[in-house]
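Below is target-v3.cif, which holds mmCIF, C-alpha atoms, pLDDT in the B column; chains and numbers go by the auth columns.
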data_run
#
loop_
_atom_site.group_PDB
_atom_site.id
_atom_site.type_symbol
_atom_site.label_atom_id
_atom_site.label_comp_id
_atom_site.label_asym_id
_atom_site.label_seq_id
_atom_site.Cartn_x
_atom_site.Cartn_y
_atom_site.Cartn_z
_atom_site.B_iso_or_equiv
_atom_site.auth_seq_id
_atom_site.auth_asym_id
ATOM 1 C CA MET A 1 -227.068 48.317 36.071 68.00 1 T
ATOM 2 C CA ASN A 2 -223.556 47.439 35.044 78.00 2 T
ATOM 3 C CA LYS A 3 -223.081 48.742 31.496 81.00 3 T
ATOM 4 C CA LYS A 4 -220.485 46.029 30.824 87.00 4 T
ATOM 5 C CA ILE A 5 -223.124 43.288 30.937 89.00 5 T
ATOM 6 C CA LYS A 6 -225.790 45.149 28.949 92.00 6 T
ATOM 7 C CA THR A 7 -225.143 43.477 25.615 94.00 7 T
ATOM 8 C CA GLU A 8 -227.247 41.924 22.902 95.00 8 T
ATOM 9 C CA ALA A 9 -225.962 38.477 23.902 95.00 9 T
ATOM 10 C CA VAL A 10 -227.030 38.975 27.521 95.00 10 T
ATOM 11 C CA ASP A 11 -230.409 40.278 26.294 95.00 11 T
ATOM 12 C CA HIS A 12 -230.848 37.024 24.352 97.00 12 T
ATOM 13 C CA LEU A 13 -229.963 34.954 27.408 96.00 13 T
ATOM 14 C CA ILE A 14 -232.434 36.849 29.589 96.00 14 T
ATOM 15 C CA ASP A 15 -235.133 36.471 26.933 97.00 15 T
ATOM 16 C CA ALA A 16 -234.457 32.725 26.879 97.00 16 T
ATOM 17 C CA LEU A 17 -234.711 32.505 30.680 97.00 17 T
ATOM 18 C CA LEU A 18 -237.990 34.412 30.614 97.00 18 T
ATOM 19 C CA CYS A 19 -239.403 31.793 28.208 97.00 19 T
ATOM 20 C CA LEU A 20 -238.997 28.971 30.722 97.00 20 T
ATOM 21 C CA GLU A 21 -242.291 27.645 32.059 97.00 21 T
ATOM 22 C CA THR A 22 -241.363 24.731 34.327 97.00 22 T
ATOM 23 C CA ARG A 23 -238.614 23.679 36.677 96.00 23 T
ATOM 24 C CA GLU A 24 -237.748 20.817 34.311 98.00 24 T
ATOM 25 C CA GLU A 25 -237.296 23.298 31.452 98.00 25 T
ATOM 26 C CA GLY A 26 -235.009 25.288 33.733 97.00 26 T
ATOM 27 C CA TYR A 27 -232.940 22.220 34.502 97.00 27 T
ATOM 28 C CA SER A 28 -232.671 21.377 30.797 97.00 28 T
ATOM 29 C CA LEU A 29 -231.491 24.836 29.778 97.00 29 T
ATOM 30 C CA LEU A 30 -229.121 25.337 32.698 97.00 30 T
ATOM 31 C CA GLU A 31 -227.594 21.885 32.266 97.00 31 T
ATOM 32 C CA ASP A 32 -226.947 22.658 28.596 97.00 32 T
ATOM 33 C CA LEU A 33 -225.693 26.161 29.338 97.00 33 T
ATOM 34 C CA CYS A 34 -223.547 25.687 32.452 97.00 34 T
ATOM 35 C CA THR A 35 -220.984 23.239 33.718 98.00 35 T
ATOM 36 C CA VAL A 36 -221.986 21.369 36.854 97.00 36 T
ATOM 37 C CA ASN A 37 -219.588 23.517 38.906 97.00 37 T
ATOM 38 C CA GLU A 38 -220.945 26.767 37.440 98.00 38 T
ATOM 39 C CA LEU A 39 -224.514 25.776 38.233 97.00 39 T
ATOM 40 C CA LEU A 40 -223.611 24.655 41.746 97.00 40 T
ATOM 41 C CA SER A 41 -221.768 27.944 42.323 97.00 41 T
ATOM 42 C CA LEU A 42 -224.765 29.963 41.166 97.00 42 T
ATOM 43 C CA SER A 43 -227.145 27.974 43.337 97.00 43 T
ATOM 44 C CA GLN A 44 -224.801 28.299 46.316 98.00 44 T
ATOM 45 C CA ARG A 45 -224.713 32.088 45.912 98.00 45 T
ATOM 46 C CA PHE A 46 -228.497 32.213 45.776 98.00 46 T
ATOM 47 C CA GLU A 47 -228.735 30.051 48.911 98.00 47 T
ATOM 48 C CA VAL A 48 -226.245 32.354 50.645 98.00 48 T
ATOM 49 C CA ALA A 49 -228.314 35.398 49.617 98.00 49 T
ATOM 50 C CA THR A 50 -231.483 33.745 50.923 98.00 50 T
ATOM 51 C CA MET A 51 -229.869 32.963 54.252 98.00 51 T
ATOM 52 C CA LEU A 52 -228.429 36.473 54.578 98.00 52 T
ATOM 53 C CA HIS A 53 -231.881 37.874 53.759 97.00 53 T
ATOM 54 C CA ASN A 54 -233.242 35.692 56.580 97.00 54 T
ATOM 55 C CA HIS A 55 -230.615 37.129 58.973 97.00 55 T
ATOM 56 C CA ASN A 56 -228.516 33.982 59.360 98.00 56 T
ATOM 57 C CA THR A 57 -224.965 34.499 60.592 98.00 57 T
ATOM 58 C CA TYR A 58 -221.901 34.001 58.408 98.00 58 T
ATOM 59 C CA MET A 59 -221.035 30.905 60.491 98.00 59 T
ATOM 60 C CA GLU A 60 -224.482 29.368 59.988 98.00 60 T
ATOM 61 C CA ILE A 61 -224.312 30.087 56.259 98.00 61 T
ATOM 62 C CA ALA A 62 -220.800 28.676 55.893 98.00 62 T
ATOM 63 C CA ASP A 63 -221.781 25.537 57.812 98.00 63 T
ATOM 64 C CA LYS A 64 -224.944 24.906 55.780 98.00 64 T
ATOM 65 C CA THR A 65 -223.741 25.881 52.299 98.00 65 T
ATOM 66 C CA GLY A 66 -220.000 25.279 52.414 97.00 66 T
ATOM 67 C CA ALA A 67 -219.486 28.807 51.051 98.00 67 T
ATOM 68 C CA SER A 68 -216.336 30.643 52.039 97.00 68 T
ATOM 69 C CA THR A 69 -216.591 33.818 54.078 96.00 69 T
ATOM 70 C CA ALA A 70 -215.289 35.661 50.989 97.00 70 T
ATOM 71 C CA THR A 71 -218.243 34.385 48.947 97.00 71 T
ATOM 72 C CA ILE A 72 -220.682 35.230 51.726 98.00 72 T
ATOM 73 C CA SER A 73 -219.196 38.733 51.973 98.00 73 T
ATOM 74 C CA ARG A 74 -219.415 39.230 48.190 97.00 74 T
ATOM 75 C CA VAL A 75 -223.072 38.173 48.168 98.00 75 T
ATOM 76 C CA ASN A 76 -223.775 40.401 51.165 98.00 76 T
ATOM 77 C CA ARG A 77 -222.258 43.345 49.298 97.00 77 T
ATOM 78 C CA SER A 78 -224.594 42.631 46.367 96.00 78 T
ATOM 79 C CA LEU A 79 -227.570 42.477 48.707 96.00 79 T
ATOM 80 C CA ASN A 80 -226.674 45.799 50.299 95.00 80 T
ATOM 81 C CA TYR A 81 -225.251 47.758 47.375 95.00 81 T
ATOM 82 C CA GLY A 82 -226.289 45.889 44.231 93.00 82 T
ATOM 83 C CA CYS A 83 -229.087 46.441 41.735 93.00 83 T
ATOM 84 C CA ASP A 84 -231.814 44.951 44.008 95.00 84 T
ATOM 85 C CA GLY A 85 -232.179 41.845 41.836 96.00 85 T
ATOM 86 C CA TYR A 86 -232.150 39.588 44.878 97.00 86 T
ATOM 87 C CA GLU A 87 -234.797 41.701 46.618 96.00 87 T
ATOM 88 C CA LEU A 88 -237.014 41.593 43.532 97.00 88 T
ATOM 89 C CA ILE A 89 -236.832 37.806 43.444 97.00 89 T
ATOM 90 C CA PHE A 90 -237.355 37.439 47.201 97.00 90 T
ATOM 91 C CA ASP A 91 -240.485 39.614 46.941 97.00 91 T
ATOM 92 C CA ARG A 92 -241.806 37.607 43.987 96.00 92 T
ATOM 93 C CA LEU A 93 -241.126 34.291 45.719 95.00 93 T
ATOM 94 C CA ARG A 94 -242.884 35.559 48.848 94.00 94 T
ATOM 95 C CA GLN A 95 -245.902 36.630 46.776 95.00 95 T
ATOM 96 C CA LYS A 96 -245.975 33.258 45.040 91.00 96 T
ATOM 97 C CA ASN A 97 -245.868 31.446 48.400 91.00 97 T
ATOM 98 C CA ASP A 98 -248.625 33.705 49.778 92.00 98 T
ATOM 99 C CA GLU A 99 -250.825 32.873 46.793 90.00 99 T
ATOM 100 C CA LYS A 100 -250.409 29.147 47.460 84.00 100 T
ATOM 101 C CA LYS A 101 -251.778 29.536 50.998 78.00 101 T
#

Could you show the structure in this file as structure tokens?
Amino acid sequence: MNKKIKTEAVDHLIDALLCLETREEGYSLLEDLCTVNELLSLSQRFEVATMLHNHNTYMEIADKTGASTATISRVNRSLNYGCDGYELIFDRLRQKNDEKK
């Protein structure tokens, strides 16, 4: 984990996110916390990560998301060499979907 982000303020933000119970609560907090562009950028990066995880090509990802190849490359680097946060979430989402079936 990046020591630069491990702060009390970030701990408080993570604690707040962990308190969310519904999608509507998530929208409310994120809309208060982020600008529209910040939220759209975050969601775009997550969509890029999902598509990379599903083995889509850079061209397919750029066409669907509008992300630049630089953004796609940056997200790919996080997937391959990051802290495995994306993988954790992908596994949890897969488990959640399996439970619904």

What's the separation between CA of Thr69 in chain T and CA of Arg45 in chain T, in Å to one decimal place? 11.6 Å

Nearest residue to Ala70 in chain T from the set T:Val48, T:Leu93, T:Ile5, T:Leu17 (distances using only C-alpha atoms):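 Comparing T:Val48, T:Leu93, T:Ile5, T:Leu17 against Ala70 in chain T, the winner is T:Val48.
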
Gln44 in chain T surroundings by all atoms listed in the file, 10 Å radius, close-in-sequence under 4 positions cut, as an MDAnalysis selection string: chainID T and resid 38:40 48:50 65:67 71:72

note - CA of Asn76 in chain T and CA of Ala62 in chain T are separated by 13.0 Å

Compare T:Ser78, T:Glu31, T:Glu47, T:Leu42 by their minimum atom-to-atom distance to Glu60 in chain T, counting all atoms listed in the file, and give me the closest one. T:Glu47

In Å, rounded to a single decimal, give me how far CA of Asn97 in chain T is from CA of Asn54 in chain T.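 Separation of CA of Asn54 in chain T and CA of Asn97 in chain T: 15.6 Å.
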
Counting all atoms listed in the file, the option among T:Phe46, T:Phe90, T:Lys96, T:Val36 closest to Arg74 in chain T: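 Between T:Phe46, T:Phe90, T:Lys96, T:Val36, the residue approaching Arg74 in chain T most closely is T:Phe46.
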